[in-house]
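Encoded as structure tokens, the structure appears first; notes follow it.
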Amino acid sequence: MVCTALLGAALAGPSARADAPTVHRHVLAGSRPGYATASADEGPVPSEQRLTARLHLGSRDPAGLASFLKSVTDPRSPGYRRFLTPDQYRGHFALGPQEHLAIATWLTGAGLTVTRDTPHYIEVSGPAKSMQEAVGSSFHRYKTAQGDIVSAPTDDISVPAAIGADVVAVSGLSVPSAAHPLSTRATAPESTSTACSTHFGQKPAAGLPSAYGRPTTYSPCPYVPAQLRRAYGAGGPGASGKGTTVAIVDAYGSSTMPADADRFARSTGDLPFRPGQYRQQVTPENWTGETACAPPETWAGEQALDVDMAHGLAPDANVLYVGANSCLDDDLMDAEASVIDHRLADSISNSWAEIIHSDPGHLTPDLVSAWNLLFEQAAAEGIGVYFAAGDCGDSSPGAAETGVNCDAKTTTAQADFPSGSPWVTSVGGTTLALDRRGEYAWETSMGDELSILTGEGDQQAWGPVPGVFAFGGGGGLSDFPEPWYQHGRVPSPAVGAHARRSTPDVAMEGDGALPVLVGLTDAGQFQLVGFGGTSAATPAFAAVQADAQQEAGRPLGFANPLLYFLGSSPAFRDVTDQPPAAGHGPLAVVRDYGPSDGDQQRYILYTLGRDYGLHAGPGYDYATGLGSPSPAYLQRFRRTGRHAQ
């Protein structure tokens, strides 16, 4: 509990504090952004300029929460899956009214106005001089590398030590980090005349050059849900997601959903949503962040992909779409919390990401802590949270030089966030091949090197070969210590290095060279378009989990401890860069993008299994994690009783 006398000393004005005891402060390390340098300083923010901040709240019992989470998520624990209701979580672990009052008193005593008070944060606004009084730092304007003038604290933010454990982060006082969707349009609309194969290697690319000493073939036509269900053993009787709810969190929202999803289902031979099976929460009147975020129409494509995959692999599951008011952390956290605080779903699929190490950029360590606490609450309530691992290989500057879905601001190889959190399931990507019967043939790691046609006539050739990196599944080491469920099940750290959280955990089809089919309305016209990305794999795996929950007969909750418990079993197919079933030599396909009047190449050669900086080998790897779920994964939930349940 907070000491009122100590708070009073902290809240008194400078003159009143002359004879008061020194008040110690708790520093939120790393909260001053990297762009706030002396050389970029453009002078102080006017003292009366109005600033707004959000103070993210901690847990009343962090140690107790950690102990409970270990018990409720460990398949070997007597407390396994004895989840809390949202009310029980708040009663045990959230800050209470007294803590909220103490924080609000400190803030208002500094001259700020509380504009919002939620279980997760307190939002305040006021003049810069009052904000400085509250958070222990002045504010200056800085010129970024792009020439923009932005404000930021001159020092790391701090709070009175008496409430240091109750405030884990402060946001809103520097340029926020922006998330981006992890999907890419991979084909022209189906109405365009293009060539594709009915299965891998079926249709020769007649008239086009060979590659690696062999004739080339066209990439398979974009996969429809029925093909994915067959490959992964999903969506069958007793495993269709019935009685479960999959939530999808993205930014913004489509005005033509769920009509687009229903039309897509009918066009691919599936059933549309039943009345009430699909719901969405979007507030277009509150949308912001358009200058920092991909436009709403781009996010609408992401929404279509996510909804089509979730419904396609769990056709009887309810789907709840929650559209954040922007791609910025505060709005995405609000969207995520709206599901968790009321336990509106059994799982949450998230097909977006940001990176921690970027320039410019500022995803602070304290804000990361606030995100992790939200994911811990989900685990306590039995909600599985799934995040796309990324489409940029190891997310290094080298990958970003040519990768089509990379963050150019990256400064080092890193796991994307929130995928790298120890309390979410990180879903990577694979390249899936089917045989002539439509059965599973093989998978390799999602990683495409691109080559284009060069020369004329008989001198035409692909160049360069192997090609330049274009697209790949994300993964690697995160900034967090290795969680208990990965001990002994992931590669050991280098000598002298600390063991860290490894990503991804699992992987499924998501390659842009062999994409999945999606239905969406674009410029007023409904289209069937191929999409690629771990954005396809993530809702697909969340749907598989919905199928597994139906088989188990109860909520599954946080998936990772069970996934690693099953890791060496037939529940997963081991995915490698060079799958034995694919034969010897490089794997390559030609994608036909259709006629173009511009500079767009019609034919692209993709060399497969070439993720940047990540390699898939036997056992766990940083490209595909434990591998992809086999039909035995869902069968295990059906037959093994308590250990699967």
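So you can find residues: chains in the structure tokens are A, B, ... in the order shown, residues in each start at 1, and ligands are numbered from 1 in order.
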
**Asked** Can you tell me, as JSON, numbers by chain, what residues are no more than 7 Å from Tyr218 in chain A when counting only C-alpha atoms, ignoring any on the same chain fewer than 2 positions away?
**Response** {"A": [195, 196, 197, 201, 203, 204, 205, 216, 220, 589, 590, 591]}

**Prompt:** DSSP on the backbone: what in range 551-621 of chain A comes out strand (DSSP E or B), as a list in words?
**Reply:** Phe572, Arg573, Ala588, Val589, Val590, Arg591, Asp592, Tyr603, Ile604, Leu605, Tyr606, Thr607 and Asp621 of chain A

**Request:** Write out as a ChimeraX atom specification which residues come within 10 Å of Phe565 in chain A when counting only C-alpha atoms, dropping same-chain ones fewer than 6 positions away.
**Result:** /A:74-76,485-486,489,643

**helix (DSSP H, G or I) call set, DSSP backbone run, range 454-637 of chain A, as a VMD selection string** = chain A and resid 457 to 459 484 to 486 534 to 552 560 to 565 580 to 582 631 to 637

I'd like the contact shell of Asp366 in chain A - 10 Å cut-off, only C-alpha atoms, skipping same-chain residues fewer than 4 positions apart - returned as a tab-separated table (two decimals) with C-alpha atoms, in the first residue's frame.
chain	number	residue	atom	x	y	z
A	28	LEU	CA	11.62	3.99	-15.82
A	29	ALA	CA	14.87	3.10	-17.57
A	30	GLY	CA	14.93	3.61	-21.33
A	31	SER	CA	11.90	5.89	-21.42
A	56	HIS	CA	0.25	1.98	-17.33
A	167	VAL	CA	3.33	2.35	-12.46
A	168	VAL	CA	5.15	0.15	-14.97
A	169	ALA	CA	5.17	2.47	-18.01
A	170	VAL	CA	4.33	5.94	-19.29
A	171	SER	CA	3.34	6.47	-22.93
A	370	ALA	CA	2.92	-3.18	-19.81
A	371	TRP	CA	2.19	-5.35	-22.86
A	372	ASN	CA	3.51	-8.44	-21.09

**Prompt:** What lies within 9 Å of Val249 in chain A using only C-alpha atoms, ignoring chain neighbours under 5 positions off, as number ranges by chain?
**Reply:** A: 303, 320-324, 332, 335-336, 348-352

**Prompt:** What lies within 12 Å of Cys293 in chain A using only C-alpha atoms, ignoring chain neighbours under 4 positions off, as an NGL selection string?
**Reply:** :A and (176-181 or 250-252 or 287-289 or 297-299 or 324-329 or 331 or 352 or 354)

**Item:** Shell of 10 Å around Lys242 in chain A, only C-alpha atoms, local chain residues under 2 positions omitted, as a list in words
**Value:** Gly235, Pro237, Gly238, Ala239, Ser240, Thr244, Thr245, Ala314, Pro315, Asp316, Ala317, Asn318, Ala546, Asp547, Gln549, Gln550 and Glu551 of chain A

Keeping N, CA and C atoms for every residue in the selection just given, could you write it to a file as a compact mmCIF listing (two decimals), in the first residue's frame?
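Saved file selection_25.txt follows:
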# COMPACT_ATOMS: atom_id res chain seq x y z
N GLY A 235 -10.75 -28.97 -38.95
CA GLY A 235 -12.09 -28.65 -39.41
C GLY A 235 -13.02 -29.82 -39.63
N PRO A 237 -15.31 -33.44 -38.43
CA PRO A 237 -16.34 -33.70 -37.41
C PRO A 237 -15.71 -33.75 -36.01
N GLY A 238 -16.28 -33.02 -35.10
CA GLY A 238 -15.76 -32.97 -33.74
C GLY A 238 -14.58 -32.05 -33.57
N ALA A 239 -14.10 -31.46 -34.66
CA ALA A 239 -12.95 -30.54 -34.59
C ALA A 239 -13.15 -29.40 -35.55
N SER A 240 -14.28 -28.71 -35.41
CA SER A 240 -14.62 -27.59 -36.29
C SER A 240 -14.69 -26.27 -35.55
N THR A 244 -16.52 -22.46 -29.47
CA THR A 244 -15.39 -21.60 -29.13
C THR A 244 -15.53 -20.25 -29.83
N THR A 245 -14.72 -19.28 -29.38
CA THR A 245 -14.68 -17.96 -30.02
C THR A 245 -13.24 -17.56 -30.28
N ALA A 314 -11.69 -23.29 -38.88
CA ALA A 314 -12.58 -23.61 -37.75
C ALA A 314 -13.97 -23.12 -38.13
N PRO A 315 -14.64 -23.79 -39.07
CA PRO A 315 -15.87 -23.25 -39.67
C PRO A 315 -17.03 -23.06 -38.71
N ASP A 316 -17.00 -23.72 -37.56
CA ASP A 316 -18.10 -23.56 -36.60
C ASP A 316 -17.76 -22.65 -35.44
N ALA A 317 -16.55 -22.13 -35.38
CA ALA A 317 -16.17 -21.23 -34.30
C ALA A 317 -16.80 -19.86 -34.51
N ASN A 318 -17.13 -19.20 -33.43
CA ASN A 318 -17.54 -17.80 -33.50
C ASN A 318 -16.30 -16.95 -33.74
N ALA A 546 -8.84 -23.66 -31.84
CA ALA A 546 -10.29 -23.72 -31.59
C ALA A 546 -10.80 -25.14 -31.85
N ASP A 547 -10.31 -25.77 -32.90
CA ASP A 547 -10.68 -27.16 -33.18
C ASP A 547 -10.23 -28.07 -32.03
N GLN A 549 -9.72 -27.21 -28.93
CA GLN A 549 -10.53 -26.95 -27.73
C GLN A 549 -11.84 -27.71 -27.80
N GLN A 550 -12.45 -27.76 -28.97
CA GLN A 550 -13.69 -28.54 -29.09
C GLN A 550 -13.42 -30.01 -28.78
N GLU A 551 -12.31 -30.54 -29.29
CA GLU A 551 -11.95 -31.93 -29.01
C GLU A 551 -11.71 -32.15 -27.52
